[in-house]
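These notes concern the structure reproduced below.
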Amino acid sequence: MIGTSIAEENEWLNTKKYYCINEINEYPYGEYFNYKINNQDVIFYRCNVRKTSSSAAAQYMIDHFRNLCWNRYQL
């Protein structure tokens, strides 16, 4: 699984438009959506441009999706 952080609002809107995303999930720091690229799960998430907010958003996504990543790569 790959996580992609998007801070700027115009980039976020254009990313959703590019991938034709209609269903958006919310989390405490913004919005996110899942997408599959070349059979690889990718999570795009919107965060704030401030360092503290974007750091908290990144940590939330790591913690929230850790089990999905961990289970996939366990031997």
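So you can find residues: chains in the structure tokens are A, B, ... in the order shown, residues in each start at 1, and ligands are numbered from 1 in order.
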query = Would you give me, as a VMD selection string, the residues in chain A that DSSP reads as helix (DSSP H, G or I)?
reply = chain A and resid 9 to 18 51 to 73
query = DSSP on the backbone: what in region 4-74 of chain A comes out strand (DSSP E or B), as a ChimeraX atom specification?
reply = /A:4-6,25-27,30-37,40-46
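Shortest atom-to-atom contact with Met61 (chain A) among A:Asn38, A:Ile43, A:Glu8, A:Tyr18: A:Ile43, counting only C-alpha atoms.
In this comparison, which uses only C-alpha atoms, the residue of A:Asp63, A:Ala58, A:Asn14, A:Glu31 approaching Tyr45 (chain A) most closely is A:Glu31.
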remark   = Closest of A:Lys17, A:Ile2, A:Gly30, A:Asn22 to Ala57 (chain A), counting only C-alpha atoms, is A:Gly30
key: Residues near region 46-55 of chain A, cut-off 9 Å, only C-alpha atoms, skip fewer than 6 positions along chain, as an NGL selection string   = :A and (4-9 or 12 or 29-32)
ask   = Could you state the separation of CA of Tyr19 (chain A) and CA of His64 (chain A) in Å, given to one decimal place?
value = 23.1 Å
Gap from CA of Asp41 (chain A) to CA of Ile62 (chain A) - Å, one decimal = 14.1 Å
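Between CA of Ile21 (chain A) and CA of Phe33 (chain A) lies a distance of 7.8 Å.
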